[in-house]
Amino acid sequence: MDGNRADSTSVSSPGRRAAIVGGVALAAGLVWYGPDWVRGRIGRTFEFEPLEAPEGFRRISASGATSSGANPLLGLQETRTTVDDDALAAVRRDICGALFGPEPIPHAVMPVASFSDYYCPYCRVLTQKLAGLEEELQGRIRVAWHEWPIFGEGSETAAKAALAAAEQGAYVAFHNRMMRSGFFPTPHYLQDLAADIGLDADRLLVDMESAGIAAALVKSRALALIFGFPGTPALLVGRTVVVGNIDRATLLALVEVERQEGAPPGCAVRA
């Protein structure tokens, strides 16, 4: 009988060890080789640094690559010269609305605000990543797209055109085409692009010079100044500022952290 117990133990113990080893190997495989949503939720931690203002917001200590033109302070200098005190005060009164839009944020949705320039190579990568995630996560994140043109006349024209395309419900399609374009956005080029994606090309040129689009650009510049962005791309994922490019797994993990902590300060939430 003792011999039988010894035989039983000698068989089952290696089996248990194999199961444990296999489980560890599977977990490791999921972390390193599995889908991004798995990697984003296992072993991911963040170091946050609170902002002095606006109160309740914070940033990730480590930043990714950014573009800011030949002068590293180009974006901030332009912002300071084109945003008056009244515009800054209006944005500060409703930071959440300025960032994510006036509509209440659904309880299950994580708001993201994206700031980009069409001549910023890192923006091309990150905005495409965000658009893909917004579609993939099926309403669990909502991206507010902010045009922050910091590279001169071409950037300004492209930003106005994208916002004009938004007036016709085609912001993402136009944005994606402009991000892939290497052409200077002349009126003729913009008309051809608009017609190619089914927009009213003449209306696009008219809307580009509207007061509403000018106000949207001022609002985005004011936000960039308030949050101290040094260049593009820049994000607000909930209450957290991310400056520069960010990989997909880290972005997903940050969305999950923000979801657990609830709505950003001052944001109206819809059940």
# chains A, B, ... in the order shown; residues from 1 in each chain; ligands from 1
$ select_by_dssp --residues "range 139-245 of chain A" --states "strand (DSSP E or B)" --output "PyMOL selection string"
chain A and resi 141-147+232+234-237+240-243
$ write_last_selection --atoms "N, CA and C atoms" --output "compact mmCIF listing (two decimals), in the first residue's frame"
# COMPACT_ATOMS: atom_id res chain seq x y z
N ILE A 141 -14.33 54.33 -26.51
CA ILE A 141 -13.61 55.60 -26.44
C ILE A 141 -14.22 56.54 -27.47
N ARG A 142 -14.10 57.85 -27.20
CA ARG A 142 -14.60 58.86 -28.13
C ARG A 142 -13.51 59.90 -28.30
N VAL A 143 -13.06 60.08 -29.54
CA VAL A 143 -11.95 60.98 -29.80
C VAL A 143 -12.47 62.33 -30.27
N ALA A 144 -12.04 63.40 -29.61
CA ALA A 144 -12.28 64.76 -30.06
C ALA A 144 -11.02 65.23 -30.77
N TRP A 145 -11.13 65.55 -32.05
CA TRP A 145 -9.96 65.89 -32.87
C TRP A 145 -9.74 67.39 -32.84
N HIS A 146 -8.57 67.80 -32.36
CA HIS A 146 -8.21 69.23 -32.31
C HIS A 146 -7.12 69.52 -33.32
N GLU A 147 -7.37 70.52 -34.16
CA GLU A 147 -6.35 70.99 -35.09
C GLU A 147 -5.49 72.03 -34.38
N THR A 232 3.51 68.71 -31.19
CA THR A 232 2.54 67.68 -31.57
C THR A 232 3.26 66.36 -31.82
N ALA A 234 -0.12 65.58 -29.18
CA ALA A 234 -0.41 65.62 -27.75
C ALA A 234 -1.82 65.08 -27.54
N LEU A 235 -2.02 64.42 -26.41
CA LEU A 235 -3.31 63.81 -26.10
C LEU A 235 -3.74 64.16 -24.69
N LEU A 236 -5.04 64.17 -24.49
CA LEU A 236 -5.63 64.03 -23.17
C LEU A 236 -6.41 62.73 -23.19
N VAL A 237 -5.97 61.76 -22.43
CA VAL A 237 -6.74 60.52 -22.26
C VAL A 237 -7.43 60.64 -20.91
N THR A 240 -5.45 62.56 -18.14
CA THR A 240 -4.01 62.40 -18.26
C THR A 240 -3.47 62.96 -19.56
N VAL A 241 -2.48 63.85 -19.44
CA VAL A 241 -1.79 64.42 -20.60
C VAL A 241 -0.71 63.45 -21.07
N VAL A 242 -0.70 63.19 -22.38
CA VAL A 242 0.35 62.39 -23.00
C VAL A 242 0.96 63.25 -24.10
N VAL A 243 2.23 63.57 -23.98
CA VAL A 243 2.93 64.38 -24.97
C VAL A 243 3.78 63.46 -25.84
$ select_by_dssp --residues "range 33-233 of chain A" --states "alpha helix (DSSP H)" --output "MDAnalysis selection string"
chainID A and resid 33 36:39 74:82 85:93 95:100 121:136 153:167 171:180 187:196 201:208 211:227
$ atom_distance --atom1 "CA of Gly154 in chain A" --atom2 "CA of Gly97 in chain A"
28.1 Å
$ closest_residue --among "A:Leu133, A:Ala194, A:Cys123, A:Ala222" --to "Ala249 in chain A" --atoms "only C-alpha atoms"
A:Leu133
$ atom_distance --atom1 "CA of Ala263 in chain A" --atom2 "CA of Pro111 in chain A"
8.4 Å
$ residues_around --residues "range 119-121 of chain A" --least-positions-apart "4" --cutoff "12 Å" --atoms "only C-alpha atoms" --output "PDB file with N, CA and C atoms, in the first residue's frame"
ATOM      1  N   ALA A  65       8.176  60.965 -28.722  1.00  0.00           N
ATOM      2  CA  ALA A  65       8.728  61.920 -29.675  1.00  0.00           C
ATOM      3  C   ALA A  65       7.658  62.904 -30.129  1.00  0.00           C
ATOM      4  N   THR A  66       8.070  64.174 -30.279  1.00  0.00           N
ATOM      5  CA  THR A  66       7.158  65.219 -30.752  1.00  0.00           C
ATOM      6  C   THR A  66       7.814  65.984 -31.890  1.00  0.00           C
ATOM      7  N   SER A  67       6.986  66.737 -32.628  1.00  0.00           N
ATOM      8  CA  SER A  67       7.468  67.672 -33.639  1.00  0.00           C
ATOM      9  C   SER A  67       7.078  69.073 -33.204  1.00  0.00           C
ATOM     10  N   SER A  68       8.023  70.007 -33.277  1.00  0.00           N
ATOM     11  CA  SER A  68       7.700  71.377 -32.879  1.00  0.00           C
ATOM     12  C   SER A  68       8.327  72.397 -33.809  1.00  0.00           C
ATOM     13  N   GLY A  69       8.765  71.977 -34.998  1.00  0.00           N
ATOM     14  CA  GLY A  69       9.354  72.909 -35.945  1.00  0.00           C
ATOM     15  C   GLY A  69      10.809  73.171 -35.627  1.00  0.00           C
ATOM     16  N   PHE A 115      -4.441  66.337 -30.337  1.00  0.00           N
ATOM     17  CA  PHE A 115      -3.935  67.581 -30.920  1.00  0.00           C
ATOM     18  C   PHE A 115      -2.843  67.221 -31.927  1.00  0.00           C
ATOM     19  N   VAL A 125       1.187  58.768 -37.510  1.00  0.00           N
ATOM     20  CA  VAL A 125       1.132  57.439 -36.900  1.00  0.00           C
ATOM     21  C   VAL A 125       0.075  57.398 -35.799  1.00  0.00           C
ATOM     22  N   LEU A 126       0.095  58.390 -34.915  1.00  0.00           N
ATOM     23  CA  LEU A 126      -0.767  58.341 -33.734  1.00  0.00           C
ATOM     24  C   LEU A 126      -2.238  58.561 -34.087  1.00  0.00           C
ATOM     25  N   THR A 127      -2.528  59.498 -34.984  1.00  0.00           N
ATOM     26  CA  THR A 127      -3.936  59.736 -35.313  1.00  0.00           C
ATOM     27  C   THR A 127      -4.550  58.529 -36.020  1.00  0.00           C
ATOM     28  N   GLN A 128      -3.764  57.853 -36.851  1.00  0.00           N
ATOM     29  CA  GLN A 128      -4.261  56.634 -37.486  1.00  0.00           C
ATOM     30  C   GLN A 128      -4.542  55.557 -36.441  1.00  0.00           C
ATOM     31  N   GLU A 147      -7.370  70.520 -34.159  1.00  0.00           N
ATOM     32  CA  GLU A 147      -6.346  70.985 -35.092  1.00  0.00           C
ATOM     33  C   GLU A 147      -5.487  72.028 -34.379  1.00  0.00           C
ATOM     34  N   TRP A 148      -4.175  71.751 -34.308  1.00  0.00           N
ATOM     35  CA  TRP A 148      -3.242  72.704 -33.712  1.00  0.00           C
ATOM     36  C   TRP A 148      -2.110  72.941 -34.702  1.00  0.00           C
ATOM     37  N   PRO A 149      -2.323  73.843 -35.684  1.00  0.00           N
ATOM     38  CA  PRO A 149      -1.324  74.058 -36.736  1.00  0.00           C
ATOM     39  C   PRO A 149      -0.153  74.902 -36.230  1.00  0.00           C
ATOM     40  N   ILE A 150       1.034  74.302 -36.180  1.00  0.00           N
ATOM     41  CA  ILE A 150       2.198  74.998 -35.628  1.00  0.00           C
ATOM     42  C   ILE A 150       3.335  75.125 -36.637  1.00  0.00           C
ATOM     43  N   PHE A 151       3.098  74.704 -37.889  1.00  0.00           N
ATOM     44  CA  PHE A 151       4.168  74.717 -38.878  1.00  0.00           C
ATOM     45  C   PHE A 151       3.917  75.693 -40.013  1.00  0.00           C
ATOM     46  N   GLY A 152       3.191  76.765 -39.731  1.00  0.00           N
ATOM     47  CA  GLY A 152       3.065  77.823 -40.723  1.00  0.00           C
ATOM     48  C   GLY A 152       1.808  77.759 -41.563  1.00  0.00           C
ATOM     49  N   GLU A 153       1.883  78.441 -42.722  1.00  0.00           N
ATOM     50  CA  GLU A 153       0.709  78.673 -43.554  1.00  0.00           C
ATOM     51  C   GLU A 153       0.074  77.384 -44.047  1.00  0.00           C
ATOM     52  N   GLY A 154       0.898  76.426 -44.488  1.00  0.00           N
ATOM     53  CA  GLY A 154       0.338  75.169 -44.977  1.00  0.00           C
ATOM     54  C   GLY A 154      -0.426  74.428 -43.909  1.00  0.00           C
ATOM     55  N   SER A 155       0.116  74.404 -42.690  1.00  0.00           N
ATOM     56  CA  SER A 155      -0.572  73.751 -41.568  1.00  0.00           C
ATOM     57  C   SER A 155      -1.903  74.431 -41.273  1.00  0.00           C
ATOM     58  N   GLU A 156      -1.880  75.757 -41.280  1.00  0.00           N
ATOM     59  CA  GLU A 156      -3.104  76.518 -40.991  1.00  0.00           C
ATOM     60  C   GLU A 156      -4.185  76.225 -42.030  1.00  0.00           C
ATOM     61  N   THR A 157      -3.800  76.215 -43.299  1.00  0.00           N
ATOM     62  CA  THR A 157      -4.771  75.963 -44.371  1.00  0.00           C
ATOM     63  C   THR A 157      -5.339  74.549 -44.276  1.00  0.00           C
ATOM     64  N   ALA A 158      -4.463  73.579 -44.040  1.00  0.00           N
ATOM     65  CA  ALA A 158      -4.924  72.193 -43.921  1.00  0.00           C
ATOM     66  C   ALA A 158      -5.869  72.028 -42.739  1.00  0.00           C
ATOM     67  N   ALA A 159      -5.563  72.692 -41.631  1.00  0.00           N
ATOM     68  CA  ALA A 159      -6.419  72.595 -40.442  1.00  0.00           C
ATOM     69  C   ALA A 159      -7.803  73.172 -40.728  1.00  0.00           C
ATOM     70  N   MET A 178      -5.476  63.824 -45.779  1.00  0.00           N
ATOM     71  CA  MET A 178      -4.495  64.890 -45.609  1.00  0.00           C
ATOM     72  C   MET A 178      -3.238  64.381 -44.922  1.00  0.00           C
ATOM     73  N   MET A 179      -3.399  63.474 -43.965  1.00  0.00           N
ATOM     74  CA  MET A 179      -2.239  62.936 -43.254  1.00  0.00           C
ATOM     75  C   MET A 179      -1.333  62.129 -44.197  1.00  0.00           C
ATOM     76  N   ARG A 180      -1.920  61.553 -45.232  1.00  0.00           N
ATOM     77  CA  ARG A 180      -1.126  60.771 -46.178  1.00  0.00           C
ATOM     78  C   ARG A 180      -0.569  61.627 -47.319  1.00  0.00           C
ATOM     79  N   SER A 181      -0.988  62.882 -47.368  1.00  0.00           N
ATOM     80  CA  SER A 181      -0.622  63.739 -48.491  1.00  0.00           C
ATOM     81  C   SER A 181       0.720  64.424 -48.258  1.00  0.00           C
ATOM     82  N   GLY A 182       1.483  64.585 -49.342  1.00  0.00           N
ATOM     83  CA  GLY A 182       2.724  65.345 -49.269  1.00  0.00           C
ATOM     84  C   GLY A 182       2.619  66.667 -50.000  1.00  0.00           C
ATOM     85  N   PHE A 183       1.400  67.040 -50.413  1.00  0.00           N
ATOM     86  CA  PHE A 183       1.203  68.241 -51.215  1.00  0.00           C
ATOM     87  C   PHE A 183       0.869  69.450 -50.344  1.00  0.00           C
ATOM     88  N   PHE A 184       1.273  70.637 -50.828  1.00  0.00           N
ATOM     89  CA  PHE A 184       0.845  71.869 -50.161  1.00  0.00           C
ATOM     90  C   PHE A 184      -0.648  72.053 -50.444  1.00  0.00           C
ATOM     91  N   PRO A 185      -1.431  72.397 -49.437  1.00  0.00           N
ATOM     92  CA  PRO A 185      -2.893  72.448 -49.616  1.00  0.00           C
ATOM     93  C   PRO A 185      -3.366  73.710 -50.333  1.00  0.00           C
ATOM     94  N   GLY A 231       4.707  70.566 -28.325  1.00  0.00           N
ATOM     95  CA  GLY A 231       4.619  70.267 -29.745  1.00  0.00           C
ATOM     96  C   GLY A 231       3.570  69.209 -29.983  1.00  0.00           C
ATOM     97  N   THR A 232       3.511  68.714 -31.194  1.00  0.00           N
ATOM     98  CA  THR A 232       2.539  67.683 -31.566  1.00  0.00           C
ATOM     99  C   THR A 232       3.260  66.359 -31.821  1.00  0.00           C
ATOM    100  N   PRO A 233       2.555  65.230 -31.616  1.00  0.00           N
ATOM    101  CA  PRO A 233       1.181  65.099 -31.152  1.00  0.00           C
ATOM    102  C   PRO A 233       1.078  65.253 -29.638  1.00  0.00           C
ATOM    103  N   ALA A 234      -0.122  65.576 -29.175  1.00  0.00           N
ATOM    104  CA  ALA A 234      -0.409  65.620 -27.748  1.00  0.00           C
ATOM    105  C   ALA A 234      -1.817  65.084 -27.542  1.00  0.00           C
ATOM    106  N   GLY A 244       3.578  63.517 -27.137  1.00  0.00           N
ATOM    107  CA  GLY A 244       4.363  62.712 -28.050  1.00  0.00           C
ATOM    108  C   GLY A 244       3.695  61.404 -28.394  1.00  0.00           C
ATOM    109  N   ASN A 245       4.369  60.630 -29.221  1.00  0.00           N
ATOM    110  CA  ASN A 245       3.827  59.354 -29.673  1.00  0.00           C
ATOM    111  C   ASN A 245       3.732  58.365 -28.512  1.00  0.00           C
TER     112      ASN A 245
END
$ closest_residue --among "A:Lys160, A:Arg140, A:Arg239, A:Lys219" --to "Gly266 in chain A" --atoms "only C-alpha atoms"
A:Arg239
$ atom_distance --atom1 "CA of Pro104 in chain A" --atom2 "CA of Ala162 in chain A"
24.3 Å
$ residues_around --residues "Gly56 in chain A" --least-positions-apart "4" --cutoff "8 Å" --atoms "only C-alpha atoms" --output "ChimeraX atom specification"
/A:50-51,239,264-265
$ closest_residue --among "A:Arg203, A:Val172, A:Leu254, A:Pro54" --to "Pro187 in chain A" --atoms "only C-alpha atoms"
A:Arg203
$ closest_residue --among "A:Leu137, A:Leu204, A:Val109, A:Val91" --to "Ala165 in chain A" --atoms "only C-alpha atoms"
A:Leu204
$ closest_residue --among "A:Ala53, A:Ala98, A:Val83, A:Val257" --to "Val218 in chain A" --atoms "only C-alpha atoms"
A:Val83
